[in-house]
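Down below is the structure, laid out as structure tokens.
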Amino acid sequence: MSTTSLSSAVMTHPVREQQAAALAARLGLGGLARDPDPDGLPSALRTALVAWAARAEGAGHHLVVQDDVAAPPELLELVAGSVARFPDEALIFYTNWHARNGAAARLAALAGAGWVRAVPEEFAPTLAICLPAHTADAFRAFAADTAERHDDEVMAAFLRAEGRSGLLAVPTVVEHIGTSSINGHAAQGIRLAVCPVGAAEARPLLDRGWVLEELDWLPYMRYGEGYLRPAGHEHDADPRRHLRWTEALPHTGLTEGRVWDVVRRHRPEDAAASVGRLFGRAFADELWIHCLLLGRQAEDAARRHAARRAAAGPVGEAAARVRAAALSTVGPAGLPPERRPELLPEHNALMAAYAEGAVRCGGLLLGSAAELLGEVQ
């Protein structure tokens, strides 16, 4: 698909209009979609509806980008290539490093996938999202009468009604900038991409990377603690309910005893002590166990989809770089928001290495009891 078949718009508010205009000019995006009631109650949806209505005549797909992002000059080219590959999908090019969708993208990166199906019950990230023209029109009709002001929540509800969540791009070339929020998200603190890489690293995975469709159970972190989303949780009476990993572990076939046995036998205590001195021993435990479970699921996904991975073909060093990017964000994203500004580069490096060790041990949770007793190291 050529970029001429793809139209785009940047949604913005007057306080960021200059920033939005510079973004549009730098990336060759379409015009600005301005908040039609900038003095009213803040509403991302109000502006999003203007942006989705700005589709150029004859365009088969429309990309909407928010004004508080950075992206490479190749963005439109990458989006066009992805649209050509998945012409009927809602394609999401930015995923926050925290919460369930962030964990899904991180797990996919560790499994070597290029795309992953979004978690149905969570908000659909809308900082950079592309829809087929008919889907964009259907979204506008769906959202026209809602009282909800968060476009990401309405987008998720719309996609649920359509019967298929969006596809998250695992390598993230779009980055969120700043911590301010017109729509009330500032309390979430520093919010960055889950697998930040450049266009060169992203291209092979976006173009040829395999798609992780079935998530099974999903470990994730929030506010310094580990949680676990059971498979099929979207059908729960309260699908947005957060289950601590200890509470949800029976849904996985694992036991706390088995998990803690791997922790005791394989976690490097010097690294755990270093993380604990910085952010508390409880956080050091939660982060390592989260990454252990994440590694277990990534290894399981890679094994289950070995044929799909082989059919996708080689992607060079791209998968390794995206994996490293995913590990670089897991520690900072897992911290409580108020602790993230304390991070120094050496803290990030420490936590990435700590996370890598746990992920590599995740495969032990797929092994036999004999392996867990140390016969396989």
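FYI, nothing fancy with the structure tokens labels: chains A, B, ... in order, residues from 1 per chain, ligands from 1 as they appear.
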Inset, instruction - Fewer than 4 positions away in the same chain doesn't count, so skip those; otherwise give me all residues within 9 Å of stretch 46-63 of chain A, counting only C-alpha atoms, as a VMD selection string. - result: chain A and resid 4 to 13 29 to 37 42 76 79 to 80 83 87 128 to 137 139 to 140 143 to 144 149 to 151
Inset, instruction - Run DSSP on the backbone and give me the residues of stretch 117-366 of chain A it puts in strand (DSSP E or B), as a list of chain:residue names. - result: A:Arg117, A:Ala128, A:Ile129, A:Cys130, A:Leu131, A:Pro132, A:Leu167, A:Leu168, A:Ala169, A:Thr172, A:Glu175, A:His176, A:Ala193, A:Pro196, A:Val211, A:Leu212, A:Leu218, A:Pro219, A:Tyr220, A:Met221, A:Arg222, A:Glu225, A:Gly226, A:Tyr227, A:Leu228, A:Arg229, A:Arg244
Inset, instruction - Show which residues sit within 10 Å of A:Met155, as an NGL selection string. Count only C-alpha atoms, and ignore same-chain residues fewer than 5 positions away. - result: :A and (45 or 90 or 123-126 or 139-140 or 142-143 or 150 or 160-161 or 165-166)
Inset, instruction - Can you pull out every residue within 10 Å of A:Trp260, counting only C-alpha atoms, but drop anything in the same chain fewer than 6 positions away, and send it as a PyMOL selection string? - result: chain A and resi 266-267+285+289
Inset, instruction - Would you list, as a ChimeraX atom specification, the residues of stretch 195-277 of chain A that end up in alpha helix (DSSP H) under DSSP run on this structure's backbone? - result: /A:199-208,245-248,256-266,269-277
Emit the selected residues as a compact mmCIF listing (two decimals), in the first residue's frame, including N, CA, C and O atoms.
# COMPACT_ATOMS: atom_id res chain seq x y z
N ALA A 199 13.05 2.94 13.63
CA ALA A 199 12.35 2.40 12.47
C ALA A 199 13.07 1.19 11.87
O ALA A 199 12.43 0.23 11.43
N ALA A 200 14.40 1.22 11.85
CA ALA A 200 15.15 0.11 11.25
C ALA A 200 14.93 -1.19 11.99
O ALA A 200 14.82 -2.27 11.39
N GLU A 201 14.86 -1.12 13.33
CA GLU A 201 14.62 -2.32 14.13
C GLU A 201 13.16 -2.78 14.03
O GLU A 201 12.85 -3.97 14.06
N ALA A 202 12.26 -1.80 13.91
CA ALA A 202 10.83 -2.14 13.89
C ALA A 202 10.40 -2.76 12.57
O ALA A 202 9.54 -3.65 12.55
N ARG A 203 10.97 -2.29 11.48
CA ARG A 203 10.45 -2.65 10.15
C ARG A 203 10.35 -4.17 9.92
O ARG A 203 9.30 -4.66 9.47
N PRO A 204 11.40 -4.97 10.19
CA PRO A 204 11.28 -6.40 9.90
C PRO A 204 10.16 -7.08 10.68
O PRO A 204 9.47 -7.94 10.15
N LEU A 205 9.98 -6.68 11.93
CA LEU A 205 8.94 -7.30 12.76
C LEU A 205 7.55 -6.84 12.34
O LEU A 205 6.60 -7.63 12.34
N LEU A 206 7.41 -5.56 12.00
CA LEU A 206 6.11 -5.09 11.52
C LEU A 206 5.75 -5.73 10.19
O LEU A 206 4.60 -6.09 9.94
N ASP A 207 6.74 -5.90 9.32
CA ASP A 207 6.50 -6.42 7.98
C ASP A 207 6.33 -7.94 7.94
O ASP A 207 5.56 -8.47 7.14
N ARG A 208 7.10 -8.66 8.81
CA ARG A 208 7.12 -10.12 8.70
C ARG A 208 6.91 -10.85 10.02
O ARG A 208 6.76 -12.07 10.02
N TRP A 245 -1.01 -11.87 41.87
CA TRP A 245 -0.52 -13.11 41.27
C TRP A 245 -0.77 -14.31 42.18
O TRP A 245 -1.05 -15.42 41.69
N THR A 246 -0.69 -14.10 43.48
CA THR A 246 -0.93 -15.20 44.41
C THR A 246 -2.38 -15.66 44.36
O THR A 246 -2.68 -16.86 44.48
N GLU A 247 -3.29 -14.71 44.15
CA GLU A 247 -4.72 -15.03 44.10
C GLU A 247 -5.08 -15.77 42.81
O GLU A 247 -5.92 -16.68 42.81
N ALA A 248 -4.45 -15.37 41.71
CA ALA A 248 -4.81 -15.93 40.41
C ALA A 248 -3.98 -17.15 40.02
O ALA A 248 -4.30 -17.82 39.03
N GLU A 256 2.37 -21.57 44.48
CA GLU A 256 3.32 -20.64 45.09
C GLU A 256 4.61 -21.35 45.48
O GLU A 256 5.71 -20.80 45.33
N GLY A 257 4.47 -22.56 45.98
CA GLY A 257 5.65 -23.31 46.38
C GLY A 257 6.61 -23.52 45.22
O GLY A 257 7.83 -23.38 45.38
N ARG A 258 6.06 -23.85 44.06
CA ARG A 258 6.90 -24.08 42.89
C ARG A 258 7.59 -22.79 42.46
O ARG A 258 8.77 -22.78 42.10
N VAL A 259 6.83 -21.69 42.48
CA VAL A 259 7.41 -20.40 42.10
C VAL A 259 8.53 -20.01 43.05
O VAL A 259 9.64 -19.64 42.63
N TRP A 260 8.26 -20.09 44.35
CA TRP A 260 9.26 -19.67 45.32
C TRP A 260 10.48 -20.60 45.32
O TRP A 260 11.59 -20.16 45.63
N ASP A 261 10.29 -21.86 44.93
CA ASP A 261 11.44 -22.76 44.85
C ASP A 261 12.40 -22.29 43.76
O ASP A 261 13.63 -22.30 43.95
N VAL A 262 11.86 -21.86 42.62
CA VAL A 262 12.73 -21.33 41.57
C VAL A 262 13.40 -20.05 42.03
O VAL A 262 14.59 -19.81 41.77
N VAL A 263 12.65 -19.20 42.73
CA VAL A 263 13.23 -17.96 43.25
C VAL A 263 14.41 -18.27 44.16
O VAL A 263 15.51 -17.70 44.00
N ARG A 264 14.21 -19.17 45.10
CA ARG A 264 15.27 -19.49 46.08
C ARG A 264 16.49 -20.09 45.41
O ARG A 264 17.63 -19.78 45.78
N ARG A 265 16.28 -20.93 44.41
CA ARG A 265 17.39 -21.66 43.82
C ARG A 265 18.13 -20.88 42.73
O ARG A 265 19.31 -21.14 42.48
N HIS A 266 17.45 -19.93 42.08
CA HIS A 266 18.03 -19.36 40.87
C HIS A 266 18.18 -17.84 40.89
O HIS A 266 18.88 -17.30 40.02
N GLU A 269 21.23 -13.36 44.63
CA GLU A 269 20.90 -12.58 45.82
C GLU A 269 21.58 -11.22 45.84
O GLU A 269 21.06 -10.27 46.41
N ASP A 270 22.74 -11.11 45.21
CA ASP A 270 23.40 -9.81 45.20
C ASP A 270 22.58 -8.81 44.38
O ASP A 270 22.41 -7.64 44.78
N ALA A 271 22.04 -9.25 43.24
CA ALA A 271 21.20 -8.36 42.43
C ALA A 271 19.91 -8.03 43.15
O ALA A 271 19.45 -6.88 43.13
N ALA A 272 19.31 -9.03 43.80
CA ALA A 272 18.07 -8.79 44.56
C ALA A 272 18.32 -7.77 45.67
O ALA A 272 17.49 -6.88 45.91
N ALA A 273 19.47 -7.89 46.34
CA ALA A 273 19.79 -6.95 47.41
C ALA A 273 19.99 -5.55 46.86
O ALA A 273 19.57 -4.56 47.47
N SER A 274 20.61 -5.43 45.69
CA SER A 274 20.84 -4.12 45.10
C SER A 274 19.52 -3.45 44.72
O SER A 274 19.31 -2.26 44.99
N VAL A 275 18.62 -4.20 44.09
CA VAL A 275 17.31 -3.64 43.76
C VAL A 275 16.54 -3.31 45.03
O VAL A 275 15.88 -2.27 45.13
N GLY A 276 16.66 -4.18 46.03
CA GLY A 276 15.97 -3.95 47.29
C GLY A 276 16.45 -2.71 48.01
O GLY A 276 15.64 -1.99 48.61
N ARG A 277 17.75 -2.44 47.96
CA ARG A 277 18.26 -1.22 48.60
C ARG A 277 17.70 0.04 47.94
O ARG A 277 17.46 1.04 48.60
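Note that the spacing between atom CA of A:Leu192 and atom CA of A:Val69 amounts to 9.8 Å.
Here atom CA of A:Gln297 stands at a distance of 18.0 Å from atom CA of A:Ala325.
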Skipping near chain neighbours, those fewer than 6 positions away, what residues fall within 10 Å of A:Glu342 using only C-alpha atoms, listed as a PDB file with all heavy atoms, in the first residue's frame?
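Output below, filename result07.pdb:
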ATOM      1  N   LEU A 278      17.465  -0.021  46.641  1.00  0.00           N
ATOM      2  CA  LEU A 278      16.955   1.142  45.921  1.00  0.00           C
ATOM      3  C   LEU A 278      15.456   1.328  46.104  1.00  0.00           C
ATOM      4  O   LEU A 278      14.978   2.446  46.347  1.00  0.00           O
ATOM      5  CB  LEU A 278      17.261   1.003  44.421  1.00  0.00           C
ATOM      6  CG  LEU A 278      18.711   1.163  44.008  1.00  0.00           C
ATOM      7  CD1 LEU A 278      18.892   0.736  42.560  1.00  0.00           C
ATOM      8  CD2 LEU A 278      19.159   2.614  44.190  1.00  0.00           C
ATOM      9  N   PHE A 279      14.707   0.235  45.986  1.00  0.00           N
ATOM     10  CA  PHE A 279      13.252   0.360  45.906  1.00  0.00           C
ATOM     11  C   PHE A 279      12.487  -0.526  46.887  1.00  0.00           C
ATOM     12  O   PHE A 279      11.259  -0.588  46.821  1.00  0.00           O
ATOM     13  CB  PHE A 279      12.793   0.054  44.472  1.00  0.00           C
ATOM     14  CG  PHE A 279      13.443   0.934  43.446  1.00  0.00           C
ATOM     15  CD1 PHE A 279      14.378   0.417  42.562  1.00  0.00           C
ATOM     16  CD2 PHE A 279      13.155   2.290  43.389  1.00  0.00           C
ATOM     17  CE1 PHE A 279      14.991   1.238  41.614  1.00  0.00           C
ATOM     18  CE2 PHE A 279      13.767   3.111  42.459  1.00  0.00           C
ATOM     19  CZ  PHE A 279      14.685   2.581  41.569  1.00  0.00           C
ATOM     20  N   PRO A 332      11.166   0.060  35.381  1.00  0.00           N
ATOM     21  CA  PRO A 332      10.578   1.388  35.563  1.00  0.00           C
ATOM     22  C   PRO A 332       9.061   1.378  35.510  1.00  0.00           C
ATOM     23  O   PRO A 332       8.392   2.059  36.301  1.00  0.00           O
ATOM     24  CB  PRO A 332      11.164   2.189  34.392  1.00  0.00           C
ATOM     25  CG  PRO A 332      12.460   1.503  34.087  1.00  0.00           C
ATOM     26  CD  PRO A 332      12.202   0.046  34.341  1.00  0.00           C
TER      27      PRO A 332
END
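For A:Val322, the list of residues within 10 Å, based on only C-alpha atoms and with local chain neighbours fewer than 6 positions off taken out, reads Arg106, Ala108, Ala109, Leu110, Gly112, Ala113, Gly114, Val170, Pro171, Thr172, Val194, Cys195, Pro196, Val197, Gly198, Glu201, Ala202, Leu205 and Ser328 of chain A.
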Inset, instruction - Pick out the residues sitting within 10 Å of A:Tyr354, and hand them over as a ChimeraX atom specification; count only C-alpha atoms, and ignore anything fewer than 4 positions along from it in its own chain. - result: /A:267-268,271-272,274-275,284,287-288,291,327,331,348-350,358-359
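Closest approach to A:Ala231 among A:His176, A:Arg360, A:His251, A:Arg244 is made by A:His251 (distances from only C-alpha atoms).
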Legend entry - Selected residue of minimal separation from A:Val173 among A:Gly102, A:Pro72, A:Gly226, A:Pro120, counting only C-alpha atoms: A:Pro72
Legend entry - Pairwise distance for atom CA of A:Asp238 and atom CA of A:Glu122, rounded to one decimal in Å: 11.8 Å
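Nearest to A:Asp300 of all the residues A:Ala111, A:Leu344, A:Leu167, A:Val65 is A:Ala111, counting only C-alpha atoms.
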